[in-house]
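Trainee: Sending over run04.tsv (TSV, C-alpha atoms).
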```tsv
chain	number	residue	atom	x	y	z
A	1	MET	CA	5.59	49.80	50.96
A	2	THR	CA	5.25	50.19	54.72
A	3	LEU	CA	5.53	46.41	55.13
A	4	ASN	CA	9.08	46.42	53.79
A	5	PRO	CA	11.28	46.11	56.90
A	6	MET	CA	14.11	48.10	55.24
A	7	HIS	CA	11.84	51.05	54.47
A	8	GLN	CA	12.51	52.62	57.89
A	9	PHE	CA	16.20	53.20	57.07
A	10	GLU	CA	15.49	55.42	54.09
A	11	VAL	CA	17.13	58.84	54.28
A	12	TYR	CA	15.08	61.59	52.67
A	13	ARG	CA	15.34	65.32	52.38
A	14	ILE	CA	13.43	67.72	54.65
A	15	GLY	CA	13.15	71.28	53.43
A	16	PRO	CA	15.04	72.90	50.56
A	17	GLU	CA	17.75	71.22	48.55
A	18	ILE	CA	21.24	72.60	49.24
A	19	ASN	CA	23.92	71.79	46.69
A	20	ILE	CA	27.41	73.17	47.22
A	21	ASP	CA	29.95	72.28	44.53
A	22	GLY	CA	28.07	69.13	43.64
A	23	VAL	CA	28.00	67.98	47.26
A	24	ASN	CA	24.48	67.42	48.54
A	25	LEU	CA	24.23	69.12	51.93
A	26	SER	CA	20.44	69.09	52.29
A	27	PHE	CA	18.83	68.75	55.71
A	28	THR	CA	17.62	65.13	55.93
A	29	ASN	CA	15.65	63.18	58.48
A	30	ALA	CA	18.97	61.72	59.71
A	31	SER	CA	20.34	65.20	60.43
A	32	PHE	CA	17.04	66.12	62.08
A	33	PHE	CA	17.23	63.22	64.56
A	34	MET	CA	20.93	63.89	65.17
A	35	ALA	CA	19.99	67.46	66.06
A	36	VAL	CA	17.20	66.17	68.33
A	37	SER	CA	19.67	63.90	70.18
A	38	ALA	CA	22.18	66.72	70.55
A	39	ILE	CA	19.51	69.09	71.89
A	40	LEU	CA	18.32	66.43	74.35
A	41	ILE	CA	21.87	65.91	75.64
A	42	LEU	CA	22.47	69.66	75.95
A	43	SER	CA	19.19	70.25	77.79
A	44	LEU	CA	19.84	67.29	80.12
A	45	LEU	CA	23.26	68.64	81.06
A	46	PHE	CA	21.99	72.23	81.26
A	47	PHE	CA	19.01	71.53	83.51
A	48	GLY	CA	20.95	68.89	85.44
A	49	THR	CA	23.62	71.35	86.51
A	50	LYS	CA	21.44	74.44	86.88
A	51	LYS	CA	20.38	74.01	90.51
A	52	LYS	CA	23.21	72.30	92.34
A	53	LEU	CA	21.53	70.78	95.37
A	54	LEU	CA	23.19	68.71	98.09
A	55	ILE	CA	20.30	66.25	97.84
A	56	PRO	CA	20.02	66.00	94.06
A	57	SER	CA	16.79	66.13	92.11
A	58	LYS	CA	16.11	63.34	89.60
A	59	ILE	CA	17.56	65.16	86.60
A	60	GLN	CA	20.66	66.20	88.55
A	61	LEU	CA	21.05	62.59	89.67
A	62	ILE	CA	20.99	61.33	86.07
A	63	THR	CA	23.60	63.91	85.06
A	64	GLU	CA	25.89	63.07	87.97
A	65	MET	CA	25.45	59.33	87.37
A	66	SER	CA	26.41	59.60	83.71
A	67	TYR	CA	29.43	61.72	84.65
A	68	THR	CA	30.72	59.31	87.31
A	69	PHE	CA	29.94	56.31	85.10
A	70	ILE	CA	32.21	57.54	82.32
A	71	ALA	CA	34.86	58.95	84.68
A	72	LYS	CA	35.10	55.59	86.46
A	73	MET	CA	35.20	53.69	83.18
A	74	ILE	CA	38.10	55.81	81.86
A	75	ASN	CA	39.96	55.48	85.16
A	76	ASP	CA	39.52	51.71	85.27
A	77	THR	CA	40.43	50.90	81.68
A	78	ALA	CA	42.86	53.60	80.53
A	79	GLY	CA	44.43	54.78	83.78
A	80	SER	CA	44.56	58.24	85.31
A	81	SER	CA	46.64	59.66	82.44
A	82	ALA	CA	43.57	59.38	80.19
A	83	LYS	CA	41.63	61.90	82.33
A	84	ALA	CA	42.30	64.54	79.66
A	85	PHE	CA	40.20	62.53	77.22
A	86	PHE	CA	37.11	62.54	79.45
A	87	PRO	CA	35.20	65.18	77.38
A	88	PHE	CA	35.81	63.25	74.18
A	89	VAL	CA	34.68	59.87	75.53
A	90	PHE	CA	31.74	61.42	77.38
A	91	THR	CA	30.53	63.19	74.22
A	92	LEU	CA	30.93	60.02	72.19
A	93	PHE	CA	29.04	57.90	74.70
A	94	MET	CA	26.19	60.36	75.17
A	95	PHE	CA	25.78	60.96	71.44
A	96	VAL	CA	25.68	57.25	70.57
A	97	LEU	CA	23.41	56.48	73.54
A	98	PHE	CA	20.92	59.23	72.72
A	99	CYS	CA	20.90	58.42	68.99
A	100	ASN	CA	20.17	54.79	69.85
A	101	MET	CA	17.48	55.67	72.38
A	102	VAL	CA	15.78	58.27	70.17
A	103	GLY	CA	15.78	55.63	67.43
A	104	MET	CA	13.79	53.31	69.70
A	105	LEU	CA	10.82	55.70	69.72
A	106	PRO	CA	8.08	54.71	67.24
A	107	TYR	CA	8.11	56.62	63.93
A	108	SER	CA	11.56	58.03	64.64
A	109	PHE	CA	14.77	57.32	62.77
A	110	ALA	CA	17.79	55.47	64.17
A	111	VAL	CA	20.75	57.57	63.08
A	112	THR	CA	23.26	54.92	64.19
A	113	SER	CA	21.75	52.39	61.76
A	114	GLN	CA	23.51	54.28	58.94
A	115	ILE	CA	26.99	52.86	58.36
A	116	ILE	CA	28.38	56.24	57.33
A	117	VAL	CA	27.47	57.80	60.69
A	118	THR	CA	29.08	55.05	62.76
A	119	PHE	CA	32.07	54.86	60.44
A	120	ALA	CA	32.66	58.59	60.79
A	121	LEU	CA	32.60	58.24	64.59
A	122	ALA	CA	34.94	55.23	64.47
A	123	ALA	CA	37.31	57.02	62.08
A	124	ILE	CA	37.51	59.98	64.46
A	125	VAL	CA	38.43	57.58	67.28
A	126	PHE	CA	40.98	55.72	65.15
A	127	ILE	CA	42.72	58.80	63.77
A	128	GLY	CA	42.63	60.57	67.12
A	129	VAL	CA	44.12	57.59	68.97
A	130	THR	CA	46.86	57.15	66.37
A	131	ILE	CA	47.83	60.83	66.51
A	132	THR	CA	47.78	60.73	70.32
A	133	GLY	CA	50.08	57.72	70.33
A	134	PHE	CA	52.57	59.35	67.98
A	135	ILE	CA	52.55	62.62	69.94
A	136	LYS	CA	53.07	60.84	73.24
A	137	HIS	CA	55.69	58.26	72.19
A	138	GLY	CA	57.04	59.53	68.90
A	139	ILE	CA	58.32	56.82	66.59
A	140	ASN	CA	58.40	54.42	69.56
A	141	TYR	CA	54.64	54.08	69.13
A	142	LEU	CA	55.39	51.51	66.41
A	143	GLU	CA	56.49	49.17	69.23
A	144	LEU	CA	52.75	48.52	69.57
A	145	PHE	CA	53.09	46.17	66.62
A	146	VAL	CA	55.98	44.24	68.19
A	147	PRO	CA	54.77	42.29	71.22
A	148	LYS	CA	57.50	41.51	73.75
A	149	GLY	CA	58.57	37.91	74.35
A	150	VAL	CA	57.81	36.65	70.85
A	151	PRO	CA	60.50	34.44	69.24
A	152	ILE	CA	62.41	36.16	66.42
A	153	VAL	CA	61.30	33.51	63.92
A	154	LEU	CA	57.63	34.34	64.43
A	155	LEU	CA	58.14	38.11	64.46
A	156	PRO	CA	57.51	38.89	60.75
A	157	LEU	CA	54.21	37.02	60.88
A	158	ILE	CA	53.13	38.58	64.20
A	159	ILE	CA	53.89	42.13	62.99
A	160	VAL	CA	51.73	41.65	59.89
A	161	ILE	CA	48.87	40.26	61.99
A	162	GLU	CA	49.17	43.11	64.50
A	163	ILE	CA	49.10	45.75	61.76
A	164	ILE	CA	46.06	44.17	60.12
A	165	SER	CA	44.22	43.94	63.43
A	166	TYR	CA	45.11	47.57	64.15
A	167	LEU	CA	43.76	48.69	60.78
A	168	ALA	CA	40.61	46.59	61.23
A	169	ARG	CA	39.71	48.51	64.42
A	170	PRO	CA	37.61	51.28	62.81
A	171	VAL	CA	35.81	48.75	60.60
A	172	SER	CA	34.86	46.42	63.45
A	173	LEU	CA	34.01	49.33	65.75
A	174	SER	CA	31.64	50.89	63.23
A	175	VAL	CA	30.12	47.69	61.84
A	176	ARG	CA	29.39	46.40	65.37
A	177	LEU	CA	27.20	49.39	66.23
A	178	PHE	CA	25.64	49.64	62.78
A	179	ALA	CA	24.79	45.92	62.51
A	180	ASN	CA	23.28	45.80	65.99
A	181	MET	CA	20.97	48.72	65.35
A	182	LEU	CA	20.08	47.56	61.83
A	183	ALA	CA	19.34	43.98	62.92
A	184	GLY	CA	17.31	45.09	65.94
A	185	HIS	CA	15.09	47.50	64.04
A	186	THR	CA	14.62	45.08	61.13
A	187	MET	CA	13.64	42.30	63.55
A	188	LEU	CA	11.07	44.55	65.25
A	189	LYS	CA	9.57	45.47	61.88
A	190	VAL	CA	9.45	41.82	60.74
A	191	PHE	CA	7.60	40.78	63.91
A	192	GLY	CA	5.33	43.79	63.52
A	193	GLY	CA	4.51	42.53	60.01
A	194	PHE	CA	3.56	39.13	61.50
A	195	VAL	CA	1.01	40.84	63.75
A	196	ILE	CA	-0.76	42.29	60.72
A	197	SER	CA	-0.60	39.14	58.58
A	198	LEU	CA	-1.86	36.84	61.37
A	199	GLY	CA	-4.77	39.14	62.12
A	200	LEU	CA	-6.92	39.47	65.22
A	201	LEU	CA	-6.84	35.76	66.16
A	202	GLY	CA	-3.16	34.79	65.94
A	203	GLY	CA	-1.58	38.22	66.11
A	204	TRP	CA	-1.25	38.31	69.88
A	205	LEU	CA	1.74	35.97	69.98
A	206	PRO	CA	4.04	38.07	67.73
A	207	LEU	CA	2.73	41.19	69.47
A	208	SER	CA	3.96	39.95	72.84
A	209	PHE	CA	7.22	38.96	71.16
A	210	THR	CA	7.56	42.51	69.82
A	211	VAL	CA	7.10	43.92	73.31
A	212	ALA	CA	9.79	41.61	74.72
A	213	LEU	CA	12.13	42.39	71.80
A	214	THR	CA	11.66	46.13	72.36
A	215	GLY	CA	12.96	45.61	75.90
A	216	LEU	CA	15.92	43.68	74.55
A	217	GLU	CA	16.60	46.38	71.97
A	218	ILE	CA	16.64	49.09	74.65
A	219	LEU	CA	19.22	46.98	76.52
A	220	VAL	CA	21.23	46.57	73.32
A	221	ALA	CA	21.00	50.30	72.60
A	222	PHE	CA	22.59	51.07	75.95
A	223	LEU	CA	25.06	48.20	75.73
A	224	GLN	CA	26.35	49.19	72.30
A	225	ALA	CA	26.94	52.78	73.43
A	226	TYR	CA	28.81	51.35	76.43
A	227	VAL	CA	30.85	49.00	74.23
A	228	PHE	CA	31.68	51.84	71.82
A	229	ALA	CA	32.92	54.00	74.71
A	230	ILE	CA	34.84	51.23	76.48
A	231	LEU	CA	36.59	50.14	73.27
A	232	THR	CA	37.60	53.77	72.74
A	233	CYS	CA	39.07	53.68	76.26
A	234	ILE	CA	40.92	50.43	75.52
A	235	TYR	CA	42.41	51.91	72.34
A	236	LEU	CA	43.38	55.05	74.28
A	237	ASN	CA	45.03	52.82	76.87
A	238	ASP	CA	47.11	51.20	74.11
A	239	ALA	CA	48.19	54.62	72.86
A	240	LEU	CA	48.91	56.24	76.23
A	241	ASN	CA	50.46	53.42	78.24
A	242	LEU	CA	52.69	51.57	75.79
A	243	GLN	CA	53.23	48.24	77.52
A	244	HIS	CA	53.54	44.65	76.48
B	1	MET	CA	22.41	28.68	38.10
B	2	GLU	CA	20.43	31.85	38.05
B	3	LEU	CA	22.26	34.74	39.72
B	4	GLU	CA	19.19	35.68	41.75
B	5	ALA	CA	18.85	32.17	43.18
B	6	ALA	CA	22.56	31.97	43.96
B	7	LYS	CA	22.30	35.28	45.83
B	8	MET	CA	19.44	33.95	47.94
B	9	ILE	CA	21.36	30.77	48.78
B	10	GLY	CA	24.47	32.75	49.64
B	11	ALA	CA	22.55	35.12	51.91
B	12	GLY	CA	20.98	32.13	53.65
B	13	LEU	CA	24.37	30.49	54.12
B	14	ALA	CA	25.70	33.69	55.68
B	15	SER	CA	23.27	33.18	58.57
B	16	ILE	CA	25.31	30.14	59.67
B	17	ALA	CA	27.44	32.74	61.47
B	18	LEU	CA	24.68	32.83	64.07
B	19	ALA	CA	25.66	29.32	65.22
B	20	GLY	CA	29.03	30.60	66.36
B	21	ALA	CA	27.48	33.64	68.02
B	22	GLY	CA	25.04	31.39	69.87
B	23	VAL	CA	27.86	29.17	71.14
B	24	GLY	CA	29.80	32.26	72.21
B	25	ILE	CA	26.92	33.86	74.12
B	26	GLY	CA	26.12	30.53	75.77
B	27	LEU	CA	29.73	30.09	76.85
B	28	ILE	CA	29.88	33.59	78.31
B	29	PHE	CA	26.70	33.28	80.36
B	30	GLY	CA	27.40	29.68	81.35
B	31	ASN	CA	30.88	30.45	82.56
B	32	TYR	CA	29.67	33.55	84.35
B	33	LEU	CA	27.02	31.52	86.16
B	34	SER	CA	29.41	28.77	87.19
B	35	GLY	CA	31.93	31.35	88.36
B	36	ALA	CA	29.22	33.24	90.25
B	37	MET	CA	28.05	30.03	91.96
B	38	ARG	CA	31.57	29.33	93.17
B	39	ASN	CA	32.28	32.82	94.41
B	40	PRO	CA	29.06	34.86	94.70
B	41	SER	CA	30.78	37.79	96.40
B	42	ALA	CA	32.89	38.50	93.32
B	43	ALA	CA	29.98	38.10	90.88
B	44	ALA	CA	28.56	41.62	91.04
B	45	LYS	CA	31.93	43.18	90.20
B	46	GLN	CA	32.22	41.14	86.99
B	47	PHE	CA	28.73	41.97	85.73
B	48	PRO	CA	29.92	44.82	83.44
B	49	ASN	CA	32.48	42.44	81.95
B	50	LEU	CA	29.68	39.93	81.34
B	51	LEU	CA	27.66	42.50	79.44
B	52	LEU	CA	30.74	43.59	77.48
B	53	GLY	CA	31.45	40.00	76.47
B	54	PHE	CA	27.82	39.47	75.54
B	55	ALA	CA	27.79	42.53	73.30
B	56	LEU	CA	31.09	41.59	71.63
B	57	ALA	CA	29.93	38.00	70.97
B	58	GLU	CA	26.56	39.11	69.68
B	59	ALA	CA	28.17	41.57	67.29
B	60	THR	CA	30.23	38.77	65.75
B	61	GLY	CA	27.02	37.04	64.70
B	62	LEU	CA	25.70	40.27	63.26
B	63	PHE	CA	28.71	40.50	60.95
B	64	GLY	CA	27.00	37.54	59.23
B	65	LEU	CA	23.99	39.75	58.66
B	66	VAL	CA	26.22	42.39	57.09
B	67	VAL	CA	27.69	39.75	54.77
B	68	ALA	CA	24.17	38.66	53.80
B	69	LEU	CA	23.17	42.26	53.07
B	70	ILE	CA	26.29	42.82	50.99
B	71	ILE	CA	25.54	39.67	48.98
B	72	LEU	CA	21.90	40.66	48.45
B	73	PHE	CA	22.23	44.36	47.69
B	74	ALA	CA	25.81	45.25	46.78
B	75	PHE	CA	26.41	42.82	43.91
```
Translate the structure of the given file into structure tokens.

Mentor:
Amino acid sequence: MTLNPMHQFEVYRIGPEINIDGVNLSFTNASFFMAVSAILILSLLFFGTKKKLLIPSKIQLITEMSYTFIAKMINDTAGSSAKAFFPFVFTLFMFVLFCNMVGMLPYSFAVTSQIIVTFALAAIVFIGVTITGFIKHGINYLELFVPKGVPIVLLPLIIVIEIISYLARPVSLSVRLFANMLAGHTMLKVFGGFVISLGLLGGWLPLSFTVALTGLEILVAFLQAYVFAILTCIYLNDALNLQH
Amino acid sequence: MELEAAKMIGAGLASIALAGAGVGIGLIFGNYLSGAMRNPSAAAKQFPNLLLGFALAEATGLFGLVVALIILFAF
């Protein structure tokens, strides 16, 4: 049972079963690790901004670095008019990053390897960006689907392609994060299984591979959080600065 | 053909997607290196873009994994 590489993604109930109107709202291991990530983020930001020193301590430095990192990213990709969306993008980035990183700890659970979690996040981004675009530009927001400088003959085809690619955004955004985390954790478990099956003599080779792959997975965990945040910024840029 | 065997073959075929992802990642890093050799002073500024391209290309290959999983478990 423990040798099955998919076993680690099983969601099970912790504590009492809560059923409201046929909807299962029990506290699961996924919700537990989501709460752990949220508490870690809150405590990082709380302790990082508690003592505001001119020469920052390590924890204050991490907090300031993450703030400037996201602020610079929003400014570079979506322009200064997207400053109002800083809290949203910052929350999104920190939540995905901490869920990924907490998932890298042994015996923990990677929340972002559940498609429903990443799809919910991507749907929030998609719906929020669409509403923002319509509030800012009104019906003119539909110009997004009509690129400038395209010959009239090609226009019906281009509009259909643009609409499909717009609707595919939440799917690709969520599946990218989900597939990366799923593939990484499965690969680690498969190589871990090789260590056991090859035994004391040949097991060292896959063990060293596992160590190297863990490093790669930590890089991927950060990179996917970064990609999620920067794609959100790019979509926001499309909605705020309508230009073609 | 047995359905189980066809599923296995289909899931295996879905891993061909990795060929395209490998080409893509190779292109990104190769082009970054050749660009960085020509103009080393501009290389550091483009490093975030390199990582972004790497992550996007890698994810394309992983869509193949999702297809394999759908074939194996959803049907």

Trainee: May I have a table of the residues of chain B lying at most 10 Å from chain A, giving each one's closest pair of atoms and their distance in Å to one decimal, counting only C-alpha atoms, ordered by chain and ascending residue number, as a Markdown table?

Mentor:
```
| residue | atom | partner | partner_atom | distance |
| --- | --- | --- | --- | --- |
| B:Pro48 | CA | A:Tyr226 | CA | 9.6 |
| B:Leu51 | CA | A:Leu223 | CA | 7.3 |
| B:Leu52 | CA | A:Val227 | CA | 6.3 |
| B:Gly53 | CA | A:Val227 | CA | 9.3 |
| B:Phe54 | CA | A:Leu223 | CA | 9.2 |
| B:Ala55 | CA | A:Leu223 | CA | 6.7 |
| B:Leu56 | CA | A:Val227 | CA | 7.9 |
| B:Glu58 | CA | A:Asn180 | CA | 8.3 |
| B:Ala59 | CA | A:Arg176 | CA | 5.3 |
| B:Thr60 | CA | A:Arg176 | CA | 7.7 |
| B:Gly61 | CA | A:Ala179 | CA | 9.4 |
| B:Leu62 | CA | A:Ala179 | CA | 5.8 |
| B:Phe63 | CA | A:Ala179 | CA | 6.9 |
| B:Gly64 | CA | A:Ala179 | CA | 9.3 |
| B:Leu65 | CA | A:Ala179 | CA | 7.3 |
| B:Val66 | CA | A:Ala179 | CA | 6.6 |
```

Trainee: Do you know which residues are at most 9 Å from Phe75 in chain B counting only C-alpha atoms, after dropping those on the same chain fewer than 4 positions away, and could you put them as an MDAnalysis selection string?

Mentor: chainID B and resid 7 70:71

Trainee: Quick one: everything within 8 Å of Val11 in chain A, counting all atoms listed in the file, minus sequence neighbours fewer than 5 positions away in the same chain. Send it as number ranges by chain.

Mentor: A: 28-30

Trainee: Let me see the file: selected residues, C-alpha atoms, as an mmCIF file, in the coordinates of the input.

Mentor:
```
data_model
loop_
_atom_site.group_PDB
_atom_site.id
_atom_site.type_symbol
_atom_site.label_atom_id
_atom_site.label_comp_id
_atom_site.auth_asym_id
_atom_site.auth_seq_id
_atom_site.Cartn_x
_atom_site.Cartn_y
_atom_site.Cartn_z
ATOM 1 C CA THR A 28 17.620 65.130 55.930
ATOM 2 C CA ASN A 29 15.650 63.180 58.480
ATOM 3 C CA ALA A 30 18.970 61.720 59.710
#
```

Trainee: Please work out which residues fall within 8 Å of (41.5, 51.8, 80.0), coordinates as given in the file, with all atoms listed in the file counting, and return them as a ChimeraX atom specification.

Mentor: /A:73-79,82,230,233-237

Trainee: Counting all atoms listed in the file, which residues in range 71-105 of chain A sit no more than 9 Å from range 38-56 of chain A? For each one, give the nearest pair of atoms and the distance in Å, sorted by chain then residue number, as a Markdown table.

Mentor:
```
| residue | atom | partner | partner_atom | distance |
| --- | --- | --- | --- | --- |
| A:Met94 | CA | A:Ile41 | CA | 7.0 |
| A:Phe95 | CA | A:Ala38 | CA | 6.9 |
| A:Phe98 | CA | A:Ile41 | CA | 7.4 |
| A:Cys99 | CA | A:Ala38 | CA | 8.5 |
```

Trainee: Using only C-alpha atoms, which residue out of A:Leu144, A:Met104, A:Ile116, A:Leu121 lies closest to Thr91 in chain A?

Mentor: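 Answer, going by the shortest atom-to-atom distance: A:Leu121.
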
Trainee: Please identify all polymer residues within 10 Å of Leu142 in chain A, counting all atoms listed in the file, omitting same-chain residues fewer than 3 positions from it, and present them as a ChimeraX atom specification.

Mentor: /A:133-134,137-139,145-146,163,242

Trainee: Between CA of His185 in chain A and CA of Phe209 in chain A, measure the distance and give it in Å to one decimal.

Mentor: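 Between CA of His185 in chain A and CA of Phe209 in chain A the gap is 13.6 Å.
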
Trainee: Kindly give the distance, in Å, that separates CA of Ile161 in chain A and CA of Thr132 in chain A, rounded to a single decimal.

Mentor: 22.1 Å

Trainee: One decimal, in Å: what's the spacing between CA of Ser208 in chain A and CA of Leu188 in chain A?

Mentor: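 Between CA of Ser208 in chain A and CA of Leu188 in chain A the gap is 11.4 Å.
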
Trainee: For Gln8 in chain A, work out the shell of residues within 12 Å, counting all atoms listed in the file and skipping chain neighbours fewer than 3 positions away, then give it as a PDB file with C-alpha atoms, in the frame of the given file.

Mentor:
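Once everything was written out, this is part.pdb:
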```pdb
ATOM      1  CA  MET A   1       5.590  49.800  50.960  1.00  0.00           C
ATOM      2  CA  THR A   2       5.250  50.190  54.720  1.00  0.00           C
ATOM      3  CA  LEU A   3       5.530  46.410  55.130  1.00  0.00           C
ATOM      4  CA  ASN A   4       9.080  46.420  53.790  1.00  0.00           C
ATOM      5  CA  PRO A   5      11.280  46.110  56.900  1.00  0.00           C
ATOM      6  CA  VAL A  11      17.130  58.840  54.280  1.00  0.00           C
ATOM      7  CA  TYR A  12      15.080  61.590  52.670  1.00  0.00           C
ATOM      8  CA  ASN A  29      15.650  63.180  58.480  1.00  0.00           C
ATOM      9  CA  ALA A  30      18.970  61.720  59.710  1.00  0.00           C
ATOM     10  CA  GLY A 103      15.780  55.630  67.430  1.00  0.00           C
ATOM     11  CA  MET A 104      13.790  53.310  69.700  1.00  0.00           C
ATOM     12  CA  PRO A 106       8.080  54.710  67.240  1.00  0.00           C
ATOM     13  CA  TYR A 107       8.110  56.620  63.930  1.00  0.00           C
ATOM     14  CA  SER A 108      11.560  58.030  64.640  1.00  0.00           C
ATOM     15  CA  PHE A 109      14.770  57.320  62.770  1.00  0.00           C
ATOM     16  CA  ALA A 110      17.790  55.470  64.170  1.00  0.00           C
ATOM     17  CA  VAL A 111      20.750  57.570  63.080  1.00  0.00           C
ATOM     18  CA  SER A 113      21.750  52.390  61.760  1.00  0.00           C
ATOM     19  CA  GLN A 114      23.510  54.280  58.940  1.00  0.00           C
ATOM     20  CA  MET A 181      20.970  48.720  65.350  1.00  0.00           C
ATOM     21  CA  LEU A 182      20.080  47.560  61.830  1.00  0.00           C
ATOM     22  CA  HIS A 185      15.090  47.500  64.040  1.00  0.00           C
ATOM     23  CA  THR A 186      14.620  45.080  61.130  1.00  0.00           C
ATOM     24  CA  MET A 187      13.640  42.300  63.550  1.00  0.00           C
ATOM     25  CA  LEU A 188      11.070  44.550  65.250  1.00  0.00           C
ATOM     26  CA  LYS A 189       9.570  45.470  61.880  1.00  0.00           C
ATOM     27  CA  VAL A 190       9.450  41.820  60.740  1.00  0.00           C
TER      28      VAL A 190
END
```

Trainee: Write out as a ChimeraX atom specification the residues lying within 12 Å of Ala44 in chain B, counting only C-alpha atoms and excluding same-chain residues fewer than 6 positions away.

Mentor: /B:32-33,35-37,50-51

Trainee: Between B:Ala43, B:Ile28, B:Ala68, B:Ala57, which residue has the minimum interatomic distance to Gly12 in chain B, considering all atoms listed in the file?

Mentor: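 Among the listed residues, B:Ala68 lies closest to Gly12 in chain B.
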
Trainee: Can you save range 78-105 of chain A of the given block to a file, including C-alpha atoms and formatted as a PDB file, in the first residue's frame?

Mentor:
```
ATOM      1  CA  ALA A  78       0.913  45.100 -15.593  1.00  0.00           C
ATOM      2  CA  GLY A  79       1.945  48.737 -15.218  1.00  0.00           C
ATOM      3  CA  SER A  80       1.397  51.142 -12.351  1.00  0.00           C
ATOM      4  CA  SER A  81      -2.404  51.047 -12.720  1.00  0.00           C
ATOM      5  CA  ALA A  82      -2.351  47.473 -11.388  1.00  0.00           C
ATOM      6  CA  LYS A  83      -0.973  48.627  -7.998  1.00  0.00           C
ATOM      7  CA  ALA A  84      -4.474  48.232  -6.550  1.00  0.00           C
ATOM      8  CA  PHE A  85      -4.263  44.490  -7.192  1.00  0.00           C
ATOM      9  CA  PHE A  86      -1.076  44.048  -5.149  1.00  0.00           C
ATOM     10  CA  PRO A  87      -2.832  42.420  -2.127  1.00  0.00           C
ATOM     11  CA  PHE A  88      -4.585  39.913  -4.372  1.00  0.00           C
ATOM     12  CA  VAL A  89      -1.471  38.861  -6.296  1.00  0.00           C
ATOM     13  CA  PHE A  90       0.651  38.816  -3.138  1.00  0.00           C
ATOM     14  CA  THR A  91      -1.850  36.570  -1.339  1.00  0.00           C
ATOM     15  CA  LEU A  92      -2.081  34.271  -4.336  1.00  0.00           C
ATOM     16  CA  PHE A  93       1.690  33.983  -4.681  1.00  0.00           C
ATOM     17  CA  MET A  94       2.342  33.406  -0.993  1.00  0.00           C
ATOM     18  CA  PHE A  95      -0.444  30.843  -0.657  1.00  0.00           C
ATOM     19  CA  VAL A  96       0.681  28.805  -3.674  1.00  0.00           C
ATOM     20  CA  LEU A  97       4.349  29.091  -2.661  1.00  0.00           C
ATOM     21  CA  PHE A  98       3.743  27.975   0.922  1.00  0.00           C
ATOM     22  CA  CYS A  99       1.409  25.138  -0.114  1.00  0.00           C
ATOM     23  CA  ASN A 100       4.081  23.903  -2.525  1.00  0.00           C
ATOM     24  CA  MET A 101       6.880  24.239   0.018  1.00  0.00           C
ATOM     25  CA  VAL A 102       4.939  22.628   2.877  1.00  0.00           C
ATOM     26  CA  GLY A 103       4.149  19.796   0.465  1.00  0.00           C
ATOM     27  CA  MET A 104       7.883  19.201  -0.012  1.00  0.00           C
ATOM     28  CA  LEU A 105       8.306  18.216   3.650  1.00  0.00           C
TER      29      LEU A 105
END
```
